[in-house]
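Here's final02.json, which has JSON, C-alpha atoms:
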[["chain", "number", "residue", "atom", "x", "y", "z"],
["A", 143, "MET", "CA", -25.60, 94.45, 42.36],
["A", 144, "GLY", "CA", -25.31, 91.14, 44.15],
["A", 145, "ILE", "CA", -23.36, 89.93, 47.11],
["A", 146, "VAL", "CA", -20.63, 88.41, 44.91],
["A", 147, "GLU", "CA", -19.92, 91.75, 43.25],
["A", 148, "LEU", "CA", -19.73, 93.46, 46.66],
["A", 149, "LEU", "CA", -17.30, 90.86, 47.95],
["A", 150, "VAL", "CA", -15.11, 91.15, 44.84],
["A", 151, "GLY", "CA", -15.13, 94.96, 45.16],
["A", 152, "THR", "CA", -14.23, 94.75, 48.84],
["A", 153, "LEU", "CA", -11.42, 92.31, 48.10],
["A", 154, "LEU", "CA", -10.01, 94.59, 45.38],
["A", 155, "ALA", "CA", -10.22, 97.60, 47.70],
["A", 156, "LEU", "CA", -8.38, 95.68, 50.43],
["A", 157, "LEU", "CA", -5.64, 94.67, 47.98],
["A", 158, "VAL", "CA", -5.20, 98.28, 46.87],
["A", 159, "LEU", "CA", -5.11, 99.50, 50.50],
["A", 160, "GLY", "CA", -2.58, 96.79, 51.38],
["A", 161, "ALA", "CA", -0.32, 97.84, 48.49],
["A", 162, "LEU", "CA", -0.58, 101.51, 49.50],
["A", 163, "THR", "CA", 0.21, 100.66, 53.13],
["A", 164, "ALA", "CA", 3.28, 98.68, 52.05],
["A", 165, "ALA", "CA", 4.46, 101.59, 49.89],
["A", 166, "VAL", "CA", 4.04, 104.04, 52.78],
["A", 167, "ALA", "CA", 5.95, 101.67, 55.11],
["A", 168, "VAL", "CA", 8.85, 101.44, 52.66],
["A", 169, "GLY", "CA", 8.91, 105.23, 52.38],
["A", 170, "ALA", "CA", 8.90, 105.60, 56.16],
["A", 171, "ARG", "CA", 11.85, 103.19, 56.49],
["A", 172, "LEU", "CA", 13.75, 105.19, 53.87],
["A", 173, "VAL", "CA", 13.10, 108.42, 55.77],
["A", 174, "VAL", "CA", 14.30, 106.88, 59.06],
["A", 175, "THR", "CA", 17.41, 105.43, 57.38],
["A", 176, "GLY", "CA", 18.20, 108.73, 55.67],
["A", 177, "GLY", "CA", 17.72, 110.62, 58.94],
["A", 178, "ALA", "CA", 20.06, 108.27, 60.82],
["A", 179, "ARG", "CA", 22.68, 108.58, 58.08],
["A", 180, "GLY", "CA", 22.37, 112.37, 58.10],
["A", 181, "GLU", "CA", 22.70, 112.46, 61.89],
["A", 182, "ALA", "CA", 25.87, 110.33, 61.78],
["A", 183, "GLU", "CA", 27.35, 112.55, 59.05],
["A", 184, "ASP", "CA", 26.52, 115.68, 61.07],
["A", 185, "ILE", "CA", 28.06, 114.29, 64.26],
["A", 186, "ALA", "CA", 31.30, 113.37, 62.49],
["A", 187, "GLN", "CA", 31.49, 116.71, 60.69],
["A", 188, "LEU", "CA", 30.81, 118.75, 63.84],
["A", 189, "ALA", "CA", 33.52, 116.84, 65.72],
["A", 190, "VAL", "CA", 36.02, 117.58, 62.95],
["A", 191, "GLU", "CA", 35.00, 121.25, 62.82],
["A", 192, "ALA", "CA", 35.44, 121.67, 66.60],
["A", 193, "PHE", "CA", 38.86, 120.03, 66.40],
["A", 194, "THR", "CA", 39.83, 122.25, 63.45],
["A", 195, "PHE", "CA", 38.80, 125.39, 65.34],
["A", 196, "ASP", "CA", 40.84, 124.50, 68.43],
["A", 197, "ALA", "CA", 43.90, 123.28, 66.50],
["A", 198, "ARG", "CA", 44.02, 126.47, 64.41],
["A", 199, "ARG", "CA", 44.08, 128.71, 67.46],
["A", 200, "ALA", "CA", 46.56, 126.53, 69.38],
["A", 201, "GLY", "CA", 49.79, 128.37, 69.99],
["A", 202, "TYR", "CA", 48.21, 131.82, 69.90],
["A", 203, "ASP", "CA", 50.66, 133.89, 71.94],
["A", 204, "PRO", "CA", 50.12, 137.66, 71.54],
["A", 205, "ALA", "CA", 52.38, 138.44, 74.52],
["A", 206, "ALA", "CA", 55.22, 136.36, 72.98],
["A", 207, "ALA", "CA", 55.58, 134.54, 76.29],
["A", 208, "GLY", "CA", 56.64, 131.27, 74.65],
["A", 209, "ILE", "CA", 53.34, 129.42, 75.01],
["A", 210, "GLU", "CA", 53.69, 125.68, 74.33],
["A", 211, "THR", "CA", 51.23, 124.81, 71.53],
["A", 212, "ILE", "CA", 50.82, 121.13, 72.42],
["A", 213, "THR", "CA", 51.16, 120.17, 76.07],
["A", 214, "GLN", "CA", 50.27, 116.51, 75.62],
["A", 215, "ALA", "CA", 50.48, 114.35, 72.48],
["A", 216, "ARG", "CA", 49.48, 110.69, 72.55],
["A", 217, "PRO", "CA", 47.91, 108.47, 69.90],
["A", 218, "ASP", "CA", 44.53, 108.88, 71.61],
["A", 219, "THR", "CA", 44.82, 112.32, 73.26],
["A", 220, "VAL", "CA", 46.07, 115.78, 72.40],
["A", 221, "THR", "CA", 46.07, 118.85, 74.63],
["A", 222, "LEU", "CA", 46.29, 122.23, 72.91],
["A", 223, "ALA", "CA", 47.10, 125.57, 74.52],
["A", 224, "ALA", "CA", 46.53, 129.18, 73.48],
["A", 225, "ASP", "CA", 46.85, 132.47, 75.35],
["A", 226, "LEU", "CA", 43.43, 133.78, 74.33],
["A", 227, "ASP", "CA", 43.34, 136.72, 76.74],
["A", 228, "GLY", "CA", 46.91, 137.86, 75.97],
["A", 229, "ASP", "CA", 48.14, 137.83, 79.58],
["A", 230, "GLY", "CA", 51.17, 135.66, 78.78],
["A", 231, "VAL", "CA", 49.85, 132.63, 80.72],
["A", 232, "VAL", "CA", 47.62, 129.70, 79.74],
["A", 233, "ASP", "CA", 44.77, 129.33, 82.22],
["A", 234, "THR", "CA", 44.37, 125.54, 82.38],
["A", 235, "ALA", "CA", 40.90, 125.84, 83.92],
["A", 236, "SER", "CA", 39.54, 127.76, 80.92],
["A", 237, "GLU", "CA", 39.17, 127.32, 77.18],
["A", 238, "GLU", "CA", 42.82, 128.36, 76.83],
["A", 239, "GLN", "CA", 43.56, 124.66, 77.33],
["A", 240, "THR", "CA", 41.56, 122.26, 75.18],
["A", 241, "ALA", "CA", 42.07, 118.53, 74.88],
["A", 242, "TYR", "CA", 40.65, 115.87, 72.60],
["A", 243, "ALA", "CA", 40.44, 112.31, 73.91],
["A", 244, "CYS", "CA", 39.49, 109.17, 72.02],
["A", 245, "SER", "CA", 38.09, 106.49, 74.34],
["A", 246, "ALA", "CA", 37.84, 103.06, 72.71],
["A", 247, "ALA", "CA", 36.28, 101.59, 75.86],
["A", 248, "ASN", "CA", 33.44, 104.14, 75.82],
["A", 249, "GLN", "CA", 33.31, 104.48, 72.03],
["A", 250, "ARG", "CA", 33.50, 108.25, 72.47],
["A", 251, "LEU", "CA", 35.42, 111.28, 71.25],
["A", 252, "SER", "CA", 35.47, 113.98, 73.93],
["A", 253, "ARG", "CA", 36.49, 117.62, 73.93],
["A", 254, "ILE", "CA", 37.86, 118.66, 77.30],
["A", 255, "ILE", "CA", 37.84, 122.38, 77.99],
["A", 256, "GLY", "CA", 39.69, 123.20, 81.19],
["A", 257, "ARG", "CA", 38.25, 120.59, 83.53],
["A", 258, "GLN", "CA", 34.93, 120.10, 81.72],
["A", 259, "SER", "CA", 34.55, 117.04, 79.46],
["A", 260, "LEU", "CA", 32.11, 117.37, 76.59],
["A", 261, "PRO", "CA", 31.27, 114.32, 74.45],
["A", 262, "LEU", "CA", 31.56, 115.26, 70.79],
["A", 263, "ALA", "CA", 30.67, 111.89, 69.29],
["A", 264, "ASP", "CA", 29.33, 108.66, 70.71],
["A", 265, "GLY", "CA", 29.38, 105.36, 68.85],
["A", 266, "VAL", "CA", 32.97, 105.86, 67.72],
["A", 267, "SER", "CA", 34.50, 102.65, 66.32],
["A", 268, "ALA", "CA", 37.90, 104.12, 65.43],
["A", 269, "CYS", "CA", 39.56, 107.28, 66.59],
["A", 270, "GLY", "CA", 43.15, 108.42, 66.64],
["A", 271, "LEU", "CA", 45.53, 111.33, 66.41],
["A", 272, "ARG", "CA", 48.59, 111.65, 64.21],
["A", 273, "PHE", "CA", 51.36, 114.22, 64.45],
["A", 274, "PHE", "CA", 53.59, 115.55, 61.66],
["A", 275, "ASP", "CA", 56.90, 117.42, 61.68],
["A", 276, "ALA", "CA", 58.01, 120.35, 59.50],
["A", 277, "THR", "CA", 58.83, 118.03, 56.56],
["A", 278, "GLY", "CA", 55.34, 116.53, 56.68],
["A", 279, "ALA", "CA", 56.64, 113.19, 57.94],
["A", 280, "ALA", "CA", 54.46, 111.33, 60.43],
["A", 281, "MET", "CA", 56.02, 111.20, 63.87],
["A", 282, "VAL", "CA", 56.12, 107.92, 65.76],
["A", 283, "VAL", "CA", 54.20, 108.46, 68.97],
["A", 284, "PRO", "CA", 54.82, 106.05, 71.85],
["A", 285, "ALA", "CA", 51.83, 105.08, 74.01],
["A", 286, "ALA", "CA", 53.18, 107.33, 76.78],
["A", 287, "GLY", "CA", 53.17, 110.29, 74.36],
["A", 288, "LEU", "CA", 55.70, 112.64, 72.87],
["A", 289, "GLY", "CA", 58.24, 114.36, 75.10],
["A", 290, "ALA", "CA", 58.53, 118.15, 75.23],
["A", 291, "ALA", "CA", 61.26, 118.32, 72.57],
["A", 292, "ASP", "CA", 59.24, 116.18, 70.14],
["A", 293, "ARG", "CA", 56.03, 118.12, 70.85],
["A", 294, "ALA", "CA", 57.89, 121.32, 69.90],
["A", 295, "ARG", "CA", 58.67, 119.72, 66.49],
["A", 296, "VAL", "CA", 55.00, 119.05, 65.69],
["A", 297, "ARG", "CA", 53.76, 121.27, 62.84],
["A", 298, "ALA", "CA", 50.48, 119.52, 61.98],
["A", 299, "VAL", "CA", 47.93, 117.34, 63.75],
["A", 300, "ALA", "CA", 45.44, 114.92, 62.21],
["A", 301, "LEU", "CA", 42.28, 113.57, 63.78],
["A", 302, "ASP", "CA", 40.79, 110.39, 62.31],
["A", 303, "VAL", "CA", 37.31, 109.44, 63.53],
["A", 304, "THR", "CA", 34.92, 106.71, 62.38],
["A", 305, "LEU", "CA", 31.42, 106.20, 63.74],
["A", 306, "VAL", "CA", 30.07, 102.69, 64.25],
["A", 307, "PRO", "CA", 27.88, 101.40, 61.45],
["A", 308, "THR", "CA", 24.36, 100.47, 62.54],
["A", 309, "ALA", "CA", 21.42, 98.78, 60.91],
["A", 310, "LEU", "CA", 20.35, 102.22, 59.74],
["A", 311, "HIS", "CA", 23.61, 103.55, 58.28],
["A", 312, "ALA", "CA", 27.07, 102.53, 57.12],
["A", 313, "ALA", "CA", 30.23, 103.60, 58.93],
["A", 314, "THR", "CA", 30.91, 107.34, 58.78],
["A", 315, "ALA", "CA", 34.54, 108.46, 58.67],
["A", 316, "ARG", "CA", 36.21, 111.87, 58.74],
["A", 317, "THR", "CA", 39.82, 113.03, 58.85],
["A", 318, "ALA", "CA", 41.08, 116.52, 59.59],
["A", 319, "LEU", "CA", 44.71, 117.50, 59.03],
["A", 320, "ILE", "CA", 45.47, 120.89, 60.57],
["A", 321, "ALA", "CA", 48.70, 122.87, 60.27],
["A", 322, "LEU", "CA", 49.65, 124.53, 63.53],
["A", 323, "ARG", "CA", 50.85, 128.10, 63.96],
["A", 324, "SER", "CA", 54.50, 128.68, 63.03],
["A", 325, "GLY", "CA", 56.95, 128.20, 65.79],
["A", 326, "GLY", "CA", 54.96, 125.39, 67.36]]
Take the structure I supplied and represent it as structure tokens, if you would.
Amino acid sequence: MGIVELLVGTLLALLVLGALTAAVAVGARLVVTGGARGEAEDIAQLAVEAFTFDARRAGYDPAAAGIETITQARPDTVTLAADLDGDGVVDTASEEQTAYACSAANQRLSRIIGRQSLPLADGVSACGLRFFDATGAAMVVPAAGLGAADRARVRAVALDVTLVPTALHAATARTALIALRSGG
């Protein structure tokens, strides 16, 4: 075997290795993209599940003390109350008072338990809350929020959240519509 045959063999081997390297690189990019998309989907779903959990227990009042289900209702914030220990009073420093706040400036959805703020989702491009009365009609919520009489009429709450699209994934959106306990 001469030098020409060795050079041709080396060239063919390099071409095959180059093609294999390119195929592995494409596969790696697909794995990274799929992982980023899965992470965004998980973040959005976990935020909706946490909101669903808190909204379903809002208004829990075993002592029949007249607990107010929603203590604040704005287009970007809702505060939910429940008497979880049955003492007839909502302890605002505990998980008996839970709020959800959409911050456009910080691109964040936060869950506020008592006085502790916990970010649920970062990279939020759109986030809002909607409130519905007993007929299912959407209530008009002024920027200052609903007054006490209007909050007492709320029978369902919706959370709409969309995560920012990135180079690795498209926008991820979720909506949760939760019926509140009867009687507000």
Would you place a box with edges along x, y and z of the file around all atoms of segment 151-163 of chain A listed there, add 8 Å to each of its six sides, and report the centre and edge lengths in Å to one decimal, as JSON?
{"center_x": -7.5, "center_y": 96.9, "center_z": 49.1, "size_x": 31.3, "size_y": 25.2, "size_z": 24.0}
Pick out the residues sitting within 9 Å of Ala215 of chain A, and hand them over as a ChimeraX atom specification; count all atoms listed in the file, and ignore anything fewer than 6 positions along from it in its own chain.
/A:221-222,271-273,283,286-289,293
Which residues, written as a compact mmCIF listing (two decimals) with C-alpha atoms, in the frame of the given file, have at least one atom at most 12 Å from Gln249 of chain A, with all atoms listed in the file counted and residues fewer than 3 positions away on the same chain left out?
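Resulting contents of selection33.txt:
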# COMPACT_ATOMS: atom_id res chain seq x y z
CA ALA A 243 40.44 112.31 73.91
CA CYS A 244 39.49 109.17 72.02
CA SER A 245 38.09 106.49 74.34
CA ALA A 246 37.84 103.06 72.71
CA SER A 252 35.47 113.98 73.93
CA PRO A 261 31.27 114.32 74.45
CA LEU A 262 31.56 115.26 70.79
CA ALA A 263 30.67 111.89 69.29
CA ASP A 264 29.33 108.66 70.71
CA GLY A 265 29.38 105.36 68.85
CA VAL A 266 32.97 105.86 67.72
CA SER A 267 34.50 102.65 66.32
CA ALA A 268 37.90 104.12 65.43
CA CYS A 269 39.56 107.28 66.59
CA GLY A 270 43.15 108.42 66.64
CA VAL A 303 37.31 109.44 63.53
CA THR A 304 34.92 106.71 62.38
CA LEU A 305 31.42 106.20 63.74
CA VAL A 306 30.07 102.69 64.25
Selection: 7 Å around Glu238 of chain A, only C-alpha atoms, excl. self and same-chain fewer than 2 positions, as a PyMOL selection string:
chain A and resi 223-226+232-234+236+240
Could you work out how far atom CA of Asp229 of chain A lies from atom CA of Ala207 of chain A, giving the answer in Å with one decimal?
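Between these atoms lies a distance of 8.8 Å.
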Considering all atoms listed in the file, state which residue in the set A:Ala155, A:Ala178, A:Ala235, A:Val166 is at the smallest distance from Gln258 of chain A.
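That would be A:Ala235, the residue with the smallest distance to Gln258 of chain A.
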When you draw a straight line from atom CA of Ile254 of chain A to atom CA of Tyr242 of chain A, how long is it in Å?
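If I compute the distance from atom CA of Ile254 of chain A to atom CA of Tyr242 of chain A, I get 6.1 Å.
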Would you list the contacts of Ala200 of chain A as a VMD selection string, taking every protein, DNA or RNA residue within 8 Å and counting only C-alpha atoms, but skipping same-chain residues closer than 2 positions in sequence?
chain A and resid 196 to 198 202 211 to 212 222 to 224 322 to 323
Export of the given selection (C-alpha atoms) as a tab-separated table (two decimals), in the coordinates of the input:
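Once written, selection26.tsv looks like this:
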chain	number	residue	atom	x	y	z
A	196	ASP	CA	40.84	124.50	68.43
A	197	ALA	CA	43.90	123.28	66.50
A	198	ARG	CA	44.02	126.47	64.41
A	202	TYR	CA	48.21	131.82	69.90
A	211	THR	CA	51.23	124.81	71.53
A	212	ILE	CA	50.82	121.13	72.42
A	222	LEU	CA	46.29	122.23	72.91
A	223	ALA	CA	47.10	125.57	74.52
A	224	ALA	CA	46.53	129.18	73.48
A	322	LEU	CA	49.65	124.53	63.53
A	323	ARG	CA	50.85	128.10	63.96
To one decimal place, how far is atom CA of Val190 of chain A from atom CA of Ala205 of chain A in Å?
28.9 Å
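Counting all atoms listed in the file and comparing A:Ala291, A:Ala206, A:Ala182, A:Ala241, the residue that lies closest to Ala315 of chain A is A:Ala182.
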